[in-house]
file work.txt (compact mmCIF, C-alpha atoms)
# COMPACT_ATOMS: atom_id res chain seq x y z
CA MET M 18 -32.55 -6.52 5.74
CA LEU M 19 -30.57 -4.01 3.70
CA THR M 20 -29.54 -0.91 5.57
CA TYR M 21 -27.35 2.04 4.70
CA GLN M 22 -24.64 0.66 6.99
CA SER M 23 -24.58 -2.70 5.20
CA LEU M 24 -24.26 -1.03 1.80
CA ARG M 25 -21.42 1.33 2.65
CA LEU M 26 -18.33 0.85 0.49
CA THR M 27 -16.11 1.78 3.41
CA ARG M 28 -16.78 -1.64 4.89
CA CYS M 29 -14.59 -3.10 2.14
CA ILE M 30 -11.22 -3.46 3.84
CA VAL M 31 -8.12 -4.46 1.88
CA THR M 32 -4.47 -4.75 2.80
CA LYS M 33 -1.85 -2.38 1.42
CA ASN M 34 -0.61 -5.02 -1.01
CA GLN M 35 -4.13 -5.80 -2.22
CA PHE M 36 -4.76 -2.09 -2.62
CA ARG M 37 -1.61 -1.62 -4.68
CA LEU M 38 -2.63 -4.51 -6.94
CA LEU M 39 -6.09 -2.98 -7.35
CA THR M 40 -4.41 0.33 -8.15
CA LEU M 41 -2.28 -1.30 -10.86
CA LEU M 42 -5.34 -2.89 -12.49
CA PRO M 43 -6.50 0.26 -14.39
CA PHE M 44 -2.91 0.88 -15.49
CA LEU M 45 -2.73 -2.64 -16.91
CA ILE M 46 -6.13 -2.29 -18.58
CA CYS M 47 -5.17 1.04 -20.17
CA SER M 48 -1.82 -0.40 -21.27
CA GLY M 49 -3.58 -3.35 -22.88
CA LEU M 50 -6.04 -1.08 -24.67
CA ILE M 51 -3.23 1.11 -26.03
CA ALA M 52 -1.26 -1.98 -27.09
CA TYR M 53 -4.31 -3.31 -28.95
CA ALA M 54 -4.91 0.07 -30.60
CA LEU M 55 -1.31 0.10 -31.81
CA TYR M 56 -1.66 -3.50 -33.03
CA VAL M 57 -4.78 -2.59 -35.01
CA GLU M 58 -3.03 0.46 -36.45
CA TYR M 59 0.35 -1.03 -37.37
CA VAL M 60 -0.47 -4.69 -38.02
CA GLN M 61 -4.02 -4.55 -39.37
CA PHE M 62 -3.46 -1.11 -40.96
CA LEU M 63 -6.61 0.47 -39.56
CA MET M 64 -5.72 4.15 -39.32
CA PRO M 65 -7.19 6.00 -36.31
CA CYS M 66 -9.30 9.10 -36.76
CA ASN M 67 -8.69 12.26 -34.73
CA LEU M 68 -11.22 11.31 -32.02
CA CYS M 69 -9.56 7.88 -31.70
CA ILE M 70 -6.21 9.57 -31.11
CA LEU M 71 -7.73 11.76 -28.38
CA GLN M 72 -9.20 8.67 -26.72
CA ARG M 73 -5.74 7.11 -26.70
CA VAL M 74 -4.35 10.20 -24.97
CA VAL M 75 -7.05 9.89 -22.30
CA TYR M 76 -6.25 6.19 -21.74
CA ILE M 77 -2.56 7.06 -21.37
CA ALA M 78 -3.39 9.80 -18.84
CA ILE M 79 -5.59 7.46 -16.76
CA GLY M 80 -2.92 4.75 -16.87
CA ILE M 81 -0.20 7.15 -15.73
CA LEU M 82 -2.36 8.46 -12.86
CA PHE M 83 -2.96 4.94 -11.54
CA LEU M 84 0.67 3.90 -12.07
CA LEU M 85 1.81 6.87 -9.99
CA ALA M 86 -0.85 6.09 -7.38
CA ALA M 87 0.46 2.53 -7.07
CA PHE M 88 3.90 3.75 -6.04
CA LYS M 89 2.91 6.40 -3.54
CA PRO M 90 1.66 5.84 -0.02
CA THR M 91 -2.01 5.01 0.35
CA LEU M 92 -2.76 8.18 2.26
CA TYR M 93 -6.39 9.16 2.31
CA TRP M 94 -5.95 12.68 0.86
CA GLY M 95 -3.54 11.54 -1.85
CA ARG M 96 -5.90 8.84 -2.99
CA LYS M 97 -8.78 11.32 -3.08
CA LEU M 98 -6.73 13.77 -5.17
CA THR M 99 -5.61 11.06 -7.59
CA GLY M 100 -9.15 9.73 -7.72
CA VAL M 101 -10.66 13.11 -8.52
CA LEU M 102 -8.10 13.63 -11.31
CA ALA M 103 -8.82 10.14 -12.68
CA LEU M 104 -12.56 10.82 -12.51
CA LEU M 105 -12.14 14.07 -14.44
CA VAL M 106 -9.96 12.43 -17.09
CA SER M 107 -12.39 9.49 -17.35
CA ALA M 108 -15.27 11.95 -17.77
CA VAL M 109 -13.37 13.59 -20.64
CA GLY M 110 -12.94 10.12 -22.17
CA ILE M 111 -16.66 9.44 -21.77
CA ALA M 112 -17.45 12.74 -23.51
CA ILE M 113 -15.04 12.11 -26.40
CA SER M 114 -16.09 8.51 -27.00
CA GLY M 115 -19.75 9.45 -26.55
CA ARG M 116 -19.35 12.12 -29.22
CA HIS M 117 -17.66 9.54 -31.45
CA VAL M 118 -20.50 7.04 -31.00
CA TRP M 119 -23.02 9.82 -31.70
CA MET M 120 -21.19 10.73 -34.93
CA GLN M 121 -21.26 7.10 -36.06
CA GLY M 122 -25.03 7.09 -35.60
CA LEU M 123 -25.61 10.14 -37.79
CA PRO M 124 -27.38 9.73 -41.13
CA ALA M 125 -24.97 9.92 -44.09
CA ASP M 126 -26.19 13.37 -45.17
CA GLN M 127 -25.42 14.88 -41.74
CA VAL M 128 -21.86 13.55 -41.38
CA PRO M 129 -19.27 16.40 -41.45
CA ASP M 130 -16.78 16.59 -44.28
CA CYS M 131 -13.38 14.97 -43.83
CA GLY M 132 -10.85 17.44 -42.50
CA PRO M 133 -7.06 17.53 -42.33
CA SER M 134 -5.06 15.12 -40.19
CA LEU M 135 -4.37 15.88 -36.55
CA GLN M 136 -0.67 16.41 -37.25
CA MET M 137 -1.40 18.93 -40.01
CA MET M 138 -3.79 20.85 -37.75
CA MET M 139 -1.26 20.86 -34.87
CA ASP M 140 1.40 22.29 -37.18
CA SER M 141 -0.79 25.10 -38.53
CA SER M 142 -3.24 26.08 -35.75
CA PRO M 143 -3.25 26.93 -32.04
CA LEU M 144 -4.06 24.06 -29.68
CA TRP M 145 -7.50 25.41 -28.70
CA ASP M 146 -8.57 25.70 -32.36
CA VAL M 147 -7.31 22.18 -33.02
CA LEU M 148 -9.35 20.78 -30.10
CA LYS M 149 -12.50 22.55 -31.32
CA LYS M 150 -12.03 21.19 -34.87
CA VAL M 151 -11.26 17.67 -33.66
CA LEU M 152 -14.28 17.54 -31.35
CA ASN M 153 -16.49 18.67 -34.22
CA GLY M 154 -15.23 15.55 -35.95
CA SER M 155 -14.79 14.71 -39.58
CA GLY M 156 -16.22 12.23 -42.03
CA ASN M 157 -13.69 9.54 -41.26
CA CYS M 158 -14.75 9.63 -37.57
CA ALA M 159 -18.22 8.46 -38.63
CA ASP M 160 -16.92 5.42 -40.54
CA ILE M 161 -17.35 2.10 -38.76
CA GLN M 162 -14.36 0.00 -39.79
CA TRP M 163 -14.15 -2.42 -36.86
CA GLN M 164 -16.79 -4.26 -34.85
CA PHE M 165 -16.87 -6.84 -32.10
CA ILE M 166 -20.19 -8.40 -31.05
CA GLY M 167 -21.96 -5.82 -33.19
CA MET M 168 -20.41 -2.79 -31.44
CA SER M 169 -17.84 -0.42 -32.90
CA MET M 170 -14.51 0.41 -31.31
CA PRO M 171 -15.73 3.81 -29.99
CA THR M 172 -18.69 2.03 -28.34
CA TRP M 173 -16.31 -0.36 -26.60
CA SER M 174 -14.15 2.60 -25.65
CA LEU M 175 -17.19 4.31 -24.12
CA ILE M 176 -17.95 1.16 -22.11
CA MET M 177 -14.33 1.03 -20.89
CA PHE M 178 -14.33 4.70 -19.87
CA ILE M 179 -17.55 4.20 -17.92
CA GLY M 180 -16.03 1.12 -16.27
CA LEU M 181 -12.86 3.04 -15.34
CA PHE M 182 -15.00 5.88 -13.95
CA LEU M 183 -17.01 3.48 -11.76
CA PHE M 184 -13.87 1.59 -10.67
CA THR M 185 -12.28 4.89 -9.63
CA LEU M 186 -15.31 5.81 -7.53
CA ILE M 187 -15.10 2.51 -5.67
CA TRP M 188 -11.29 2.68 -5.43
CA MET M 189 -11.43 6.10 -3.78
CA PHE M 190 -13.51 4.81 -0.86
CA LEU M 191 -11.84 1.48 -0.11
CA ARG M 192 -10.47 1.20 3.40
CA VAL M 193 -6.83 0.18 3.56
CA ASN M 194 -5.74 -1.75 6.62
CA ALA M 195 -2.19 -0.94 7.67
CA HIS M 196 -1.70 -4.50 8.91
CA GLU M 197 -1.56 -7.58 6.73
CA ASN M 198 -4.01 -9.36 9.01
CA THR M 199 -7.44 -8.19 7.90
CA ASN M 200 -10.25 -9.49 10.00
CA PRO M 201 -13.17 -7.06 9.71
CA THR M 202 -14.96 -8.62 12.69
CA THR M 203 -12.26 -7.61 15.18

call {"tool": "encode", "arguments": {"input": "work.txt", "output": "structure tokens"}}
result
Amino acid sequence: MLTYQSLRLTRCIVTKNQFRLLTLLPFLICSGLIAYALYVEYVQFLMPCNLCILQRVVYIAIGILFLLAAFKPTLYWGRKLTGVLALLVSAVGIAISGRHVWMQGLPADQVPDCGPSLQMMMDSSPLWDVLKKVLNGSGNCADIQWQFIGMSMPTWSLIMFIGLFLFTLIWMFLRVNAHENTNPTT
């Protein structure tokens, strides 16, 4: 019979080494996603839109947070702080990629006009104005130029951000055994 006690995530006990490997996993995933994005940009010549660039920044931030977490002690409060930051950054990624997917689903007559490049906006406007303009999107953000299994790159990005969010929730509540010998029955 399922009880609250049997479903608690805190019953998952891992060693310090296993925990560090689990902590490196999001870093490796984010690194792989950034590497693939750069491959698509520089080898396949698929230029990223402004929302794609923001999603890359979010992946880099998540990766850095988990890389730093892998090298610090597995203290409870430190993990919670890192986890909360990673959750917030992942939520920003979910919002950006969700907006991107929404823009790709708009009818052609409702798609915003193409605007200037991100670099041009950064050179001529304050950061807050640039963020507002970028999040409003432009016509090239609504173009679907890449698909895998019928889903666009922003859709896959949304799935990855949701996965990283859920992983972080689980990661925050894992119990780390200080000893290498992990026998939960003792």

call {"tool": "closest_residue", "arguments": {"input": "work.txt", "among": "M:Ile51, M:Ile161, M:Val60, M:Val106", "to": "Leu123 (chain M)", "atoms": "all atoms listed in the file"}}
result
M:Ile161

call {"tool": "closest_residue", "arguments": {"input": "work.txt", "among": "M:Met189, M:Thr172, M:Val74, M:Met64", "to": "Gly95 (chain M)", "atoms": "all atoms listed in the file"}}
result
M:Met189

call {"tool": "atom_distance", "arguments": {"input": "work.txt", "atom1": "CA of Ile187 (chain M)", "atom2": "CA of Lys97 (chain M)"}}
result
11.1 Å

call {"tool": "atom_distance", "arguments": {"input": "work.txt", "atom1": "CA of Gly80 (chain M)", "atom2": "CA of Leu102 (chain M)"}}
result
11.7 Å

call {"tool": "atom_distance", "arguments": {"input": "work.txt", "atom1": "CA of Thr99 (chain M)", "atom2": "CA of Ala78 (chain M)"}}
result
11.5 Å

call {"tool": "closest_residue", "arguments": {"input": "work.txt", "among": "M:Met120, M:Val147, M:Leu186, M:Ile30", "to": "Leu71 (chain M)", "atoms": "all atoms listed in the file"}}
result
M:Val147

call {"tool": "residues_around", "arguments": {"input": "work.txt", "residues": "Thr40 (chain M)", "least_positions_apart": "4", "cutoff": "12 Å", "atoms": "only C-alpha atoms", "output": "number ranges by chain"}}
result
M: 31, 33-36, 44-46, 79-91, 96, 99-100, 103, 181, 184-185, 187-189, 191, 193

call {"tool": "write_last_selection", "arguments": {"input": "work.txt", "atoms": "C-alpha atoms", "output": "tab-separated table (two decimals), in the frame of the given file"}}
result
chain	number	residue	atom	x	y	z
M	31	VAL	CA	-8.12	-4.46	1.88
M	33	LYS	CA	-1.85	-2.38	1.42
M	34	ASN	CA	-0.61	-5.02	-1.01
M	35	GLN	CA	-4.13	-5.80	-2.22
M	36	PHE	CA	-4.76	-2.09	-2.62
M	44	PHE	CA	-2.91	0.88	-15.49
M	45	LEU	CA	-2.73	-2.64	-16.91
M	46	ILE	CA	-6.13	-2.29	-18.58
M	79	ILE	CA	-5.59	7.46	-16.76
M	80	GLY	CA	-2.92	4.75	-16.87
M	81	ILE	CA	-0.20	7.15	-15.73
M	82	LEU	CA	-2.36	8.46	-12.86
M	83	PHE	CA	-2.96	4.94	-11.54
M	84	LEU	CA	0.67	3.90	-12.07
M	85	LEU	CA	1.81	6.87	-9.99
M	86	ALA	CA	-0.85	6.09	-7.38
M	87	ALA	CA	0.46	2.53	-7.07
M	88	PHE	CA	3.90	3.75	-6.04
M	89	LYS	CA	2.91	6.40	-3.54
M	90	PRO	CA	1.66	5.84	-0.02
M	91	THR	CA	-2.01	5.01	0.35
M	96	ARG	CA	-5.90	8.84	-2.99
M	99	THR	CA	-5.61	11.06	-7.59
M	100	GLY	CA	-9.15	9.73	-7.72
M	103	ALA	CA	-8.82	10.14	-12.68
M	181	LEU	CA	-12.86	3.04	-15.34
M	184	PHE	CA	-13.87	1.59	-10.67
M	185	THR	CA	-12.28	4.89	-9.63
M	187	ILE	CA	-15.10	2.51	-5.67
M	188	TRP	CA	-11.29	2.68	-5.43
M	189	MET	CA	-11.43	6.10	-3.78
M	191	LEU	CA	-11.84	1.48	-0.11
M	193	VAL	CA	-6.83	0.18	3.56

call {"tool": "closest_residue", "arguments": {"input": "work.txt", "among": "M:Leu50, M:Ile176, M:Ile113, M:Leu144", "to": "Asn67 (chain M)", "atoms": "all atoms listed in the file"}}
result
M:Ile113

call {"tool": "residues_around", "arguments": {"input": "work.txt", "residues": "Ile111 (chain M)", "least_positions_apart": "3", "cutoff": "12 Å", "atoms": "all atoms listed in the file", "output": "number ranges by chain"}}
result
M: 68, 71-72, 75-76, 104-108, 114-119, 171-183

call {"tool": "closest_residue", "arguments": {"input": "work.txt", "among": "M:Phe165, M:Leu42, M:Phe190, M:Cys66", "to": "Val101 (chain M)", "atoms": "only C-alpha atoms"}}
result
M:Phe190
